[in-house]
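What follows is a set of notes on a single structure, which appears directly below.
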There are 2 protein chains.
Amino acid sequence: MNGAESLVHTLLACGVDTCFSNPGTSEMHFVAALDRIPGMRCILGLQENTVTGAADGYWRMQDRPACTLLHCGPGLANGLGNLHNARRARSGIVNLVGDQATYHRILDAPLTADTEGFARGVSAWTRTAAHAADVGADCAVAVQAAQAAPGAVATLILPSDTCWDEGGVVGARLPMPRAATVSQEALDAALAALRSGEPTLLLLGGMALRAGPLALAAGIVDRTGARMLSQVSNARMERGQGRASIERVPYPVDQAVAALAGLKHLILIGATAPVGFFAYPNKPGRMQPADCAVHVLARPEHDLADAIERLAAALGATPSTGAPKPLAERVRGAVTPEGFAQTLAALLPDGAIVVDESVSFGRALSPATQGAAPHDWLQLTGGAIGNGIPLATGAAVGAPGRRVVNLQADGSAMYSLQGLWTQAREKLDVTTVILSNRSYAILMGEYRGVGANPGRTALDMMDLANPELDWRLLANGMGVEAARVDTLEAFADVFQQANGRSGPFLIELVI
Amino acid sequence: MNGAESLVHTLLACGVDTCFSNPGTSEMHFVAALDRIPGMRCILGLQENTVTGAADGYWRMQDRPACTLLHCGPGLANGLGNLHNARRARSGIVNLVGDQATYHRILDAPLTADTEGFARGVSAWTRTAAHAADVGADCAVAVQAAQAAPGAVATLILPSDTCWDEGGVVGARLPMPRAATVSQEALDAALAALRSGEPTLLLLGGMALRAGPLALAAGIVDRTGARMLSQVSNARMERGQGRASIERVPYPVDQAVAALAGLKHLILIGATAPVGFFAYPNKPGRMQPADCAVHVLARPEHDLADAIERLAAALGATPSTGAPKPLAERVRGAVTPEGFAQTLAALLPDGAIVVDESVSFGRALSPATQGAAPHDWLQLTGGAIGNGIPLATGAAVGAPGRRVVNLQADGSAMYSLQGLWTQAREKLDVTTVILSNRSYAILMGEYRGVGANPGRTALDMMDLANPELDWRLLANGMGVEAARVDTLEAFADVFQQANGRSGPFLIELVI
């Protein structure tokens with residue numbers, strides 16, 4: 001058994017059976033091992049950021065890692081943007097990077113790069129394999145590291161000789177890391193705040209946003225008069241009819257400060273205290289008032305469901321999902337953010353997975369879709385745009401039988417449009433809705449925040465209309481059927497048809 | 001004057017007047033400064049690897065740097081692949097990266113990343129600005145560092161407050177770094193080898209491949225009976241009628257070893273001793289014989305033209321471009337590598353700039369095009385695929401009035417197809433020839449080198465035909481006109497028409 005074969009056997013033994021890949025020469029022994037050993041589903045991406053983003057989407061739906069297969073330092077570099085997003089989502093990924101043979105590295109061949117250096121900024125765990133005999137054990141540690149609660153990017157770099165040399169040994173599956181339980185002191189501090197009668201907010205993130213813990217948190221809110229919000233950006237929220245409603249901390253600084261005004265206690269449950277996405281002159285960086293006490297009930301790596309259960313038990317709270325929410329009605333006519341949000345809410349398929357990289361156009365979506373059919377909502381967690389199409393691809397692989405709806409800003413879509421090809425190849429059930437405003441619209445607002453109206457140069461740098469992108473052609477060119485619509489009734493018709501089909505479809509919604 | 005204004009004034013004062021950009025929120029003050037200060041040409045790219053690759057192409061034609069404008073660590077990360085290629089090409093780039101405000105970094109907002117860490121692997125010089133008052137001076141040093149002979153990636157990271165704070169001071173232009181001259185000892189050693197009568201090879205790279213030094217090197221060859229070759233991959237070669245012919249060290253290891261067999265002296269002039277692009281079991285890493293003496297006449301950072309002139313003077317050699325080379329004749333019928341190479345050679349416009357990312361299909365191109373009209377040939381220098389379309393974009397900006405011909409493998413083209421949009425927007429004179437074999441063909445050969453015929457999994461991982469990419473649609477979707485051809489006569493017709501137009505055109509050549 002060579003090192004590559006020991007790697008594949010170890011992955012399978014550790015429960016990793018899906019590989020998002022873009023291999024090169026240095027990975028050929030790994031590919032050859034995949035040929036010989038059945039059990040691994042291999043999914044090709046045509047650029048590495050589609051590969052890493054798909055691995056993130058897979059984790060978010062499966063709560064267990066896929067592996068990637070990337071080619072040398074530059075191949076890893078191409079996928080760093082979405083690994084950054086995965087790091088912020090705390091998604092687990094076994095990130096495999098082939099590289100120059102151990103003894104060839106000193107020759108500094110053209111593709112030789114600082115592969116470990118590129119990896120460290122996005123990885124909780126990084127190792128370069130040294131010998132074929134160790135690859136299996138290295139891999140088992142990587143799989144364990146990727147599941148360090150809640151999840152992490154674990155990068156294993158594989159010099160090609162560690163794959164082709166004989167002497168491979170299958171690594172034993174290591175114990176699954178368990179989330180830590182929160183301390184009694186942390187629980188007591190949160191309870192004291194909730195019992196204080198002072199304005200108190202539960203801020204939820206991570207696994208606290210799954211239906212069960214969320215309903216119990218809503219019960220605590222009902223019981224105590226506290227409020228609850230989620231972080232601005234979340235890896236996965238379970239929402240819709242039958243689930244407790246929760247709104248997010250607003251993205252704009254002024255709105256976020258207003259939402260938290262008057263608070264005396266902020267209780268963090270798998271969340272971090274909200275900060276501005278960027279700094280702005282003469283605006284605060286932290287969103288809560290200066291005299292607000294911050295209580296860390298649970299960090300993201302804690303067992304959040306357990307923390308909420310203990311809190312609820314102490315307070316005598318029970319799960320609450322509130323009254324049935326009003327059903328949204330479709331809207332006709334021109335495409336407005338509110339009309340689109342309502343129409344989407346009315347038509348979202350039961351069990352849909354919404355991948356939200358809607359950026360500027362999507363800020364009305366959250367309230368309107370609370371009453372949609374039950375669904376999951378996946379966000380851009382790290383702000384590195386180009387996440388949506390890859391994330392939708394991986395979510396569809398990770399949750400077969402459910403429709404994925406990717407709400408996708410056009411400027412961001414262009415970063416990683418290659419993922420559409422993988423959707424066509426794998427016949428994935430993804431409806432991509434391109435929100436086509438033909439500009440970096442978010443920057444127009446940001447520019448005005450600088451205190452001036454944009455001039456010619458600035459307008460040029462935010463304008464995607466010269467020439468216009470034609471998303472029907474781009475999708476068709478990668479084997480994905482597509483349509484363009486510019487009214488809400490046309491959108492509704494095409495959206496329903498798209499969701500009823502098997503395989504991907506793209507709708508360019510001109511806004 | 002704020003920091004951003006001092007930055008723009010300093011860039012212009014230092015001769016940097018072209019900015020390839022993909023800005024975000026943290027760069028809005030820089031964009032605002034560009035609005036207020038005339039003189040900078042700003043060119044938008046829709047993904048950062050098109051931005052950085054274009055800056056590389058610009059340098060290769062101008063021998064002076066453009067700047068980039070990238071957004072935070074992830075924006076830089078998206079452009080690292082082509083910065084890696086630029087590093088290997090020794091291209092100068094003033095790589096500007098906006099980032100979180102200095103005081104906001106500790107808040108670890110979602111986009112916060114290890115920006116310096118990402119930069120170091122590709123940059124010869126990296127600095128994070130600390131104060132608005134220093135930004136001008138920082139920028140002047142960056143421009144100087146980018147021109148450290150021959151060129152280098154100099155990354156200046158600009159926290160947003162260093163741009164918006166007042167107190168900016170324009171940086172003074174610093175002296176242009178001069179290439180070092182080679183020592184008399186190095187010259188004497190090379191002369192002794194050339195006079196030894198033993199088999200000797202001049203290996204040329206960098207500026208030695210421009211027409212003047214190359215002709216003089218050819219004169220040395222004529223005079224001494226030595227041979228000459230260029231490196232496998234070169235940033236820019238001046239070739240064609242009226243220029244000395246030089247072949248490259250072959251890419252495949254066995255062919256490279258054969259080309260260097262029997263050598264007793266290898267004289268490096270701006271080149272490094274050839275090594276295998278990858279290691280292979282039981283194949284050597286170094287291509288020259290074990291008993292071959294390696295003489296470093298000039299490293300890439302030396303004044304190569306001067307070194308060759310001194311060598312020629314000592315030997316009494318004069319420039320030689322050989323006899324006029326036979327003109328190539330167009331070929332008809334099925335598309336073969338040799339027929340394509342001849343047809344291209346016959347039709348290449350005078351003064352064309354060929355950007356070669358032809359990968360597997362292109363290995364017949366070099367001999368056939370020696371007799372083409374005078375042209376420049378730009379190669380993928382770092383092996384990070386996805387270089388061609390961006391490089392062609394930047395070369396066209398850097399050499400207006402000349403036709404750029406991008407010979408582009410389809411798999412590699414998909415990495416950075418977004419660059420086509422910039423070509424349409426800027427109406428650049430680029431003819432892109434997609435060599436469409438619908439596979440990662442190079443990997444098929446590499447896989448067989450592993451010792452087996454590919455099985456189902458391996459074939460799937462190298463196959464781009466399911467579904468087929470339609471390059472006409474992809475190009476049209478970004479505003480570039482396109483045609484598909486599958487015979488050499490059809491190619492010849494369309495290629496001539498394309499080269500006669502103004503603006504970009506894409507030809508999908510089915511091979």
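FYI, nothing fancy with the structure tokens labels: chains A, B, ... in order, residues from 1 per chain, ligands from 1 as they appear.
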### Query
What are the DSSP strand (DSSP E or B) residues of range 21-246 of chain B, as JSON, numbers by chain?
{"B": [21, 41, 42, 43, 44, 67, 68, 69, 70, 71, 93, 94, 95, 96, 97, 98, 99, 125, 126, 127, 128, 153, 154, 155, 156, 157, 158, 159, 166, 180, 200, 201, 202, 203, 204, 227, 228, 229, 230, 237, 238, 239]}
Sort by chain and increasing residue number a table of all residues of range 155-221 of chain B within 9 Å of range 236-248 of chain B, each with its closest pair of atoms and their distance in Å to one decimal, counting only C-alpha atoms, and write it as a Markdown table.
```
| residue | atom | partner | partner_atom | distance |
| --- | --- | --- | --- | --- |
| B:Gly205 | CA | B:Met237 | CA | 8.8 |
| B:Gly206 | CA | B:Arg236 | CA | 7.2 |
| B:Met207 | CA | B:Arg236 | CA | 8.1 |
| B:Ala208 | CA | B:Met237 | CA | 8.7 |
| B:Leu209 | CA | B:Met237 | CA | 5.0 |
| B:Arg210 | CA | B:Glu238 | CA | 5.1 |
| B:Ala211 | CA | B:Glu238 | CA | 5.3 |
| B:Gly212 | CA | B:Arg243 | CA | 8.4 |
| B:Leu214 | CA | B:Ala244 | CA | 6.3 |
| B:Ala215 | CA | B:Ala244 | CA | 5.2 |
| B:Leu216 | CA | B:Ala244 | CA | 8.7 |
| B:Ala217 | CA | B:Ala244 | CA | 8.7 |
| B:Ala218 | CA | B:Ala244 | CA | 6.4 |
```
Serialized selection, N, CA, C and O atoms, as a short mmCIF file (atom, residue, chain, number, x, y, z; two decimals), in the first residue's frame:
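The resulting file, selection-v7.cif, is reproduced below:
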```cif
data_model
loop_
_atom_site.label_atom_id
_atom_site.label_comp_id
_atom_site.auth_asym_id
_atom_site.auth_seq_id
_atom_site.Cartn_x
_atom_site.Cartn_y
_atom_site.Cartn_z
N GLY B 205 17.83 33.67 -19.66
CA GLY B 205 16.53 34.01 -19.09
C GLY B 205 16.39 35.52 -19.01
O GLY B 205 17.32 36.27 -19.30
N GLY B 206 15.22 35.99 -18.60
CA GLY B 206 14.99 37.41 -18.31
C GLY B 206 15.34 38.31 -19.48
O GLY B 206 15.01 38.04 -20.64
N MET B 207 16.03 39.42 -19.17
CA MET B 207 16.33 40.44 -20.18
C MET B 207 17.30 39.94 -21.24
O MET B 207 17.46 40.60 -22.28
N ALA B 208 17.95 38.82 -21.02
CA ALA B 208 18.84 38.25 -22.04
C ALA B 208 18.05 37.79 -23.26
O ALA B 208 18.65 37.53 -24.32
N LEU B 209 16.73 37.68 -23.14
CA LEU B 209 15.91 37.19 -24.25
C LEU B 209 15.30 38.33 -25.07
O LEU B 209 14.51 38.07 -25.98
N ARG B 210 15.68 39.55 -24.77
CA ARG B 210 15.30 40.67 -25.64
C ARG B 210 16.21 40.63 -26.88
O ARG B 210 17.33 40.10 -26.83
N ALA B 211 15.74 41.24 -27.95
CA ALA B 211 16.40 41.05 -29.27
C ALA B 211 17.89 41.36 -29.26
O ALA B 211 18.70 40.60 -29.82
N GLY B 212 18.29 42.47 -28.62
CA GLY B 212 19.69 42.87 -28.67
C GLY B 212 20.63 41.89 -28.00
O GLY B 212 21.53 41.33 -28.65
N LEU B 214 20.06 38.92 -27.13
CA LEU B 214 19.91 37.59 -27.73
C LEU B 214 20.75 37.46 -28.99
O LEU B 214 21.41 36.42 -29.21
N ALA B 215 20.74 38.49 -29.82
CA ALA B 215 21.54 38.44 -31.05
C ALA B 215 23.03 38.36 -30.74
O ALA B 215 23.80 37.66 -31.43
N LEU B 216 23.42 39.03 -29.68
CA LEU B 216 24.83 39.00 -29.30
C LEU B 216 25.20 37.61 -28.74
O LEU B 216 26.28 37.08 -29.01
N ALA B 217 24.27 37.04 -27.98
CA ALA B 217 24.50 35.67 -27.48
C ALA B 217 24.61 34.71 -28.66
O ALA B 217 25.45 33.80 -28.66
N ALA B 218 23.78 34.93 -29.67
CA ALA B 218 23.86 34.07 -30.86
C ALA B 218 25.21 34.24 -31.55
O ALA B 218 25.78 33.28 -32.09
#
```
### Query
What is the distance between CA of Asp108 in chain B and CA of Val275 in chain A, in Å to one decimal?
8.2 Å
#### Entry: Contacts of Gly388 in chain A at 12 Å (only C-alpha atoms; same-chain gap of 2+ positions) as number ranges by chain
A: 49-50, 52-54, 56-57, 81-82, 85, 353-359, 377-386, 390-395, 404-420, 430-434
### Query
B:Thr128, B:Thr18, B:Ser26, B:Thr318: which is nearest chain A, counting only C-alpha atoms?
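Smallest separation from chain A among the options: B:Ser26.
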Output as a PDB file with N, CA and C atoms, in the first residue's frame all residues of range 241-403 of chain B that backbone DSSP marks as alpha helix (DSSP H).
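Listing of selection.pdb after writing:
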```pdb
ATOM      1  N   VAL B 253      10.724  15.751 -18.642  1.00  0.00           N
ATOM      2  CA  VAL B 253      12.029  15.464 -18.042  1.00  0.00           C
ATOM      3  C   VAL B 253      12.924  14.691 -19.002  1.00  0.00           C
ATOM      4  N   ASP B 254      12.406  13.636 -19.615  1.00  0.00           N
ATOM      5  CA  ASP B 254      13.261  12.816 -20.474  1.00  0.00           C
ATOM      6  C   ASP B 254      13.825  13.633 -21.624  1.00  0.00           C
ATOM      7  N   GLN B 255      13.003  14.499 -22.198  1.00  0.00           N
ATOM      8  CA  GLN B 255      13.475  15.332 -23.312  1.00  0.00           C
ATOM      9  C   GLN B 255      14.482  16.377 -22.846  1.00  0.00           C
ATOM     10  N   ALA B 256      14.263  16.898 -21.651  1.00  0.00           N
ATOM     11  CA  ALA B 256      15.199  17.902 -21.129  1.00  0.00           C
ATOM     12  C   ALA B 256      16.555  17.263 -20.863  1.00  0.00           C
ATOM     13  N   VAL B 257      16.535  16.085 -20.271  1.00  0.00           N
ATOM     14  CA  VAL B 257      17.790  15.378 -20.001  1.00  0.00           C
ATOM     15  C   VAL B 257      18.506  15.081 -21.313  1.00  0.00           C
ATOM     16  N   ALA B 258      17.754  14.669 -22.330  1.00  0.00           N
ATOM     17  CA  ALA B 258      18.365  14.383 -23.638  1.00  0.00           C
ATOM     18  C   ALA B 258      18.970  15.656 -24.236  1.00  0.00           C
ATOM     19  N   ALA B 259      18.284  16.777 -24.069  1.00  0.00           N
ATOM     20  CA  ALA B 259      18.767  18.033 -24.655  1.00  0.00           C
ATOM     21  C   ALA B 259      20.066  18.490 -24.012  1.00  0.00           C
ATOM     22  N   LEU B 304      22.101  41.932 -17.488  1.00  0.00           N
ATOM     23  CA  LEU B 304      22.373  40.800 -18.382  1.00  0.00           C
ATOM     24  C   LEU B 304      22.942  41.276 -19.716  1.00  0.00           C
ATOM     25  N   ALA B 305      22.424  42.388 -20.219  1.00  0.00           N
ATOM     26  CA  ALA B 305      22.928  42.902 -21.500  1.00  0.00           C
ATOM     27  C   ALA B 305      24.413  43.244 -21.375  1.00  0.00           C
ATOM     28  N   ASP B 306      24.761  43.859 -20.267  1.00  0.00           N
ATOM     29  CA  ASP B 306      26.165  44.204 -20.039  1.00  0.00           C
ATOM     30  C   ASP B 306      27.026  42.950 -19.943  1.00  0.00           C
ATOM     31  N   ALA B 307      26.541  41.945 -19.245  1.00  0.00           N
ATOM     32  CA  ALA B 307      27.313  40.704 -19.097  1.00  0.00           C
ATOM     33  C   ALA B 307      27.568  40.078 -20.462  1.00  0.00           C
ATOM     34  N   ILE B 308      26.543  40.058 -21.307  1.00  0.00           N
ATOM     35  CA  ILE B 308      26.701  39.438 -22.632  1.00  0.00           C
ATOM     36  C   ILE B 308      27.631  40.286 -23.496  1.00  0.00           C
ATOM     37  N   GLU B 309      27.507  41.605 -23.386  1.00  0.00           N
ATOM     38  CA  GLU B 309      28.401  42.480 -24.168  1.00  0.00           C
ATOM     39  C   GLU B 309      29.865  42.261 -23.791  1.00  0.00           C
ATOM     40  N   ARG B 310      30.117  42.140 -22.494  1.00  0.00           N
ATOM     41  CA  ARG B 310      31.505  41.938 -22.066  1.00  0.00           C
ATOM     42  C   ARG B 310      32.023  40.575 -22.520  1.00  0.00           C
ATOM     43  N   LEU B 311      31.171  39.605 -22.441  1.00  0.00           N
ATOM     44  CA  LEU B 311      31.549  38.266 -22.914  1.00  0.00           C
ATOM     45  C   LEU B 311      31.859  38.315 -24.412  1.00  0.00           C
ATOM     46  N   ALA B 312      30.978  38.965 -25.167  1.00  0.00           N
ATOM     47  CA  ALA B 312      31.147  39.045 -26.622  1.00  0.00           C
ATOM     48  C   ALA B 312      32.421  39.809 -26.978  1.00  0.00           C
ATOM     49  N   ALA B 313      32.661  40.900 -26.247  1.00  0.00           N
ATOM     50  CA  ALA B 313      33.848  41.707 -26.542  1.00  0.00           C
ATOM     51  C   ALA B 313      35.111  40.887 -26.334  1.00  0.00           C
ATOM     52  N   ALA B 314      35.143  40.127 -25.237  1.00  0.00           N
ATOM     53  CA  ALA B 314      36.332  39.319 -24.947  1.00  0.00           C
ATOM     54  C   ALA B 314      36.553  38.261 -26.007  1.00  0.00           C
ATOM     55  N   LEU B 315      35.456  37.807 -26.622  1.00  0.00           N
ATOM     56  CA  LEU B 315      35.552  36.733 -27.617  1.00  0.00           C
ATOM     57  C   LEU B 315      35.592  37.274 -29.042  1.00  0.00           C
ATOM     58  N   PRO B 337      -1.427  19.763 -33.747  1.00  0.00           N
ATOM     59  CA  PRO B 337      -0.516  20.732 -33.119  1.00  0.00           C
ATOM     60  C   PRO B 337       0.441  21.353 -34.141  1.00  0.00           C
ATOM     61  N   GLU B 338       0.967  20.532 -35.046  1.00  0.00           N
ATOM     62  CA  GLU B 338       1.941  21.044 -36.004  1.00  0.00           C
ATOM     63  C   GLU B 338       1.261  21.951 -37.036  1.00  0.00           C
ATOM     64  N   GLY B 339       0.111  21.529 -37.516  1.00  0.00           N
ATOM     65  CA  GLY B 339      -0.599  22.338 -38.502  1.00  0.00           C
ATOM     66  C   GLY B 339      -1.049  23.662 -37.918  1.00  0.00           C
ATOM     67  N   PHE B 340      -1.490  23.619 -36.671  1.00  0.00           N
ATOM     68  CA  PHE B 340      -1.897  24.854 -36.008  1.00  0.00           C
ATOM     69  C   PHE B 340      -0.697  25.780 -35.846  1.00  0.00           C
ATOM     70  N   ALA B 341       0.430  25.216 -35.440  1.00  0.00           N
ATOM     71  CA  ALA B 341       1.625  26.039 -35.218  1.00  0.00           C
ATOM     72  C   ALA B 341       2.046  26.714 -36.524  1.00  0.00           C
ATOM     73  N   GLN B 342       2.020  25.982 -37.621  1.00  0.00           N
ATOM     74  CA  GLN B 342       2.416  26.558 -38.911  1.00  0.00           C
ATOM     75  C   GLN B 342       1.449  27.641 -39.359  1.00  0.00           C
ATOM     76  N   THR B 343       0.177  27.373 -39.196  1.00  0.00           N
ATOM     77  CA  THR B 343      -0.823  28.349 -39.618  1.00  0.00           C
ATOM     78  C   THR B 343      -0.703  29.621 -38.785  1.00  0.00           C
ATOM     79  N   LEU B 344      -0.510  29.435 -37.502  1.00  0.00           N
ATOM     80  CA  LEU B 344      -0.307  30.592 -36.627  1.00  0.00           C
ATOM     81  C   LEU B 344       0.923  31.383 -37.079  1.00  0.00           C
ATOM     82  N   ALA B 345       2.008  30.655 -37.355  1.00  0.00           N
ATOM     83  CA  ALA B 345       3.256  31.324 -37.752  1.00  0.00           C
ATOM     84  C   ALA B 345       3.046  32.122 -39.040  1.00  0.00           C
ATOM     85  N   ALA B 346       2.256  31.569 -39.948  1.00  0.00           N
ATOM     86  CA  ALA B 346       2.034  32.253 -41.224  1.00  0.00           C
ATOM     87  C   ALA B 346       1.208  33.524 -41.045  1.00  0.00           C
ATOM     88  N   LEU B 347       0.344  33.527 -40.064  1.00  0.00           N
ATOM     89  CA  LEU B 347      -0.654  34.611 -39.958  1.00  0.00           C
ATOM     90  C   LEU B 347      -0.406  35.587 -38.811  1.00  0.00           C
ATOM     91  N   LEU B 365       4.662  24.770 -30.868  1.00  0.00           N
ATOM     92  CA  LEU B 365       4.570  26.157 -31.323  1.00  0.00           C
ATOM     93  C   LEU B 365       5.920  26.825 -31.495  1.00  0.00           C
ATOM     94  N   SER B 366       6.843  26.527 -30.619  1.00  0.00           N
ATOM     95  CA  SER B 366       8.072  27.302 -30.590  1.00  0.00           C
ATOM     96  C   SER B 366       8.893  27.179 -31.876  1.00  0.00           C
ATOM     97  N   PRO B 367       9.215  25.977 -32.350  1.00  0.00           N
ATOM     98  CA  PRO B 367      10.018  25.912 -33.581  1.00  0.00           C
ATOM     99  C   PRO B 367       9.306  26.548 -34.769  1.00  0.00           C
ATOM    100  N   ALA B 368       8.016  26.284 -34.902  1.00  0.00           N
ATOM    101  CA  ALA B 368       7.302  26.752 -36.096  1.00  0.00           C
ATOM    102  C   ALA B 368       7.243  28.273 -36.168  1.00  0.00           C
ATOM    103  N   GLY B 388      -3.289  33.249 -18.499  1.00  0.00           N
ATOM    104  CA  GLY B 388      -3.275  33.763 -19.856  1.00  0.00           C
ATOM    105  C   GLY B 388      -4.214  34.930 -20.114  1.00  0.00           C
ATOM    106  N   ILE B 389      -5.484  34.786 -19.779  1.00  0.00           N
ATOM    107  CA  ILE B 389      -6.453  35.853 -20.074  1.00  0.00           C
ATOM    108  C   ILE B 389      -6.083  37.132 -19.332  1.00  0.00           C
ATOM    109  N   PRO B 390      -5.765  37.063 -18.034  1.00  0.00           N
ATOM    110  CA  PRO B 390      -5.331  38.293 -17.350  1.00  0.00           C
ATOM    111  C   PRO B 390      -4.046  38.881 -17.931  1.00  0.00           C
ATOM    112  N   LEU B 391      -3.081  38.034 -18.225  1.00  0.00           N
ATOM    113  CA  LEU B 391      -1.806  38.519 -18.752  1.00  0.00           C
ATOM    114  C   LEU B 391      -2.020  39.221 -20.089  1.00  0.00           C
ATOM    115  N   ALA B 392      -2.859  38.645 -20.937  1.00  0.00           N
ATOM    116  CA  ALA B 392      -3.168  39.265 -22.228  1.00  0.00           C
ATOM    117  C   ALA B 392      -3.846  40.615 -22.031  1.00  0.00           C
ATOM    118  N   THR B 393      -4.694  40.691 -21.041  1.00  0.00           N
ATOM    119  CA  THR B 393      -5.399  41.939 -20.746  1.00  0.00           C
ATOM    120  C   THR B 393      -4.404  43.034 -20.391  1.00  0.00           C
ATOM    121  N   GLY B 394      -3.499  42.715 -19.494  1.00  0.00           N
ATOM    122  CA  GLY B 394      -2.519  43.708 -19.069  1.00  0.00           C
ATOM    123  C   GLY B 394      -1.505  44.037 -20.146  1.00  0.00           C
ATOM    124  N   ALA B 395      -1.124  43.038 -20.946  1.00  0.00           N
ATOM    125  CA  ALA B 395      -0.173  43.294 -22.034  1.00  0.00           C
ATOM    126  C   ALA B 395      -0.783  44.252 -23.047  1.00  0.00           C
ATOM    127  N   ALA B 396      -2.083  44.087 -23.311  1.00  0.00           N
ATOM    128  CA  ALA B 396      -2.754  44.982 -24.260  1.00  0.00           C
ATOM    129  C   ALA B 396      -2.804  46.408 -23.721  1.00  0.00           C
ATOM    130  N   VAL B 397      -3.013  46.544 -22.425  1.00  0.00           N
ATOM    131  CA  VAL B 397      -3.000  47.889 -21.830  1.00  0.00           C
ATOM    132  C   VAL B 397      -1.597  48.483 -21.917  1.00  0.00           C
ATOM    133  N   GLY B 398      -0.595  47.633 -21.723  1.00  0.00           N
ATOM    134  CA  GLY B 398       0.783  48.106 -21.693  1.00  0.00           C
ATOM    135  C   GLY B 398       1.402  48.338 -23.055  1.00  0.00           C
TER     136      GLY B 398
END
```
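Picture a line from CA of Arg363 in chain A to CA of Ser233 in chain A; it runs 12.0 Å.
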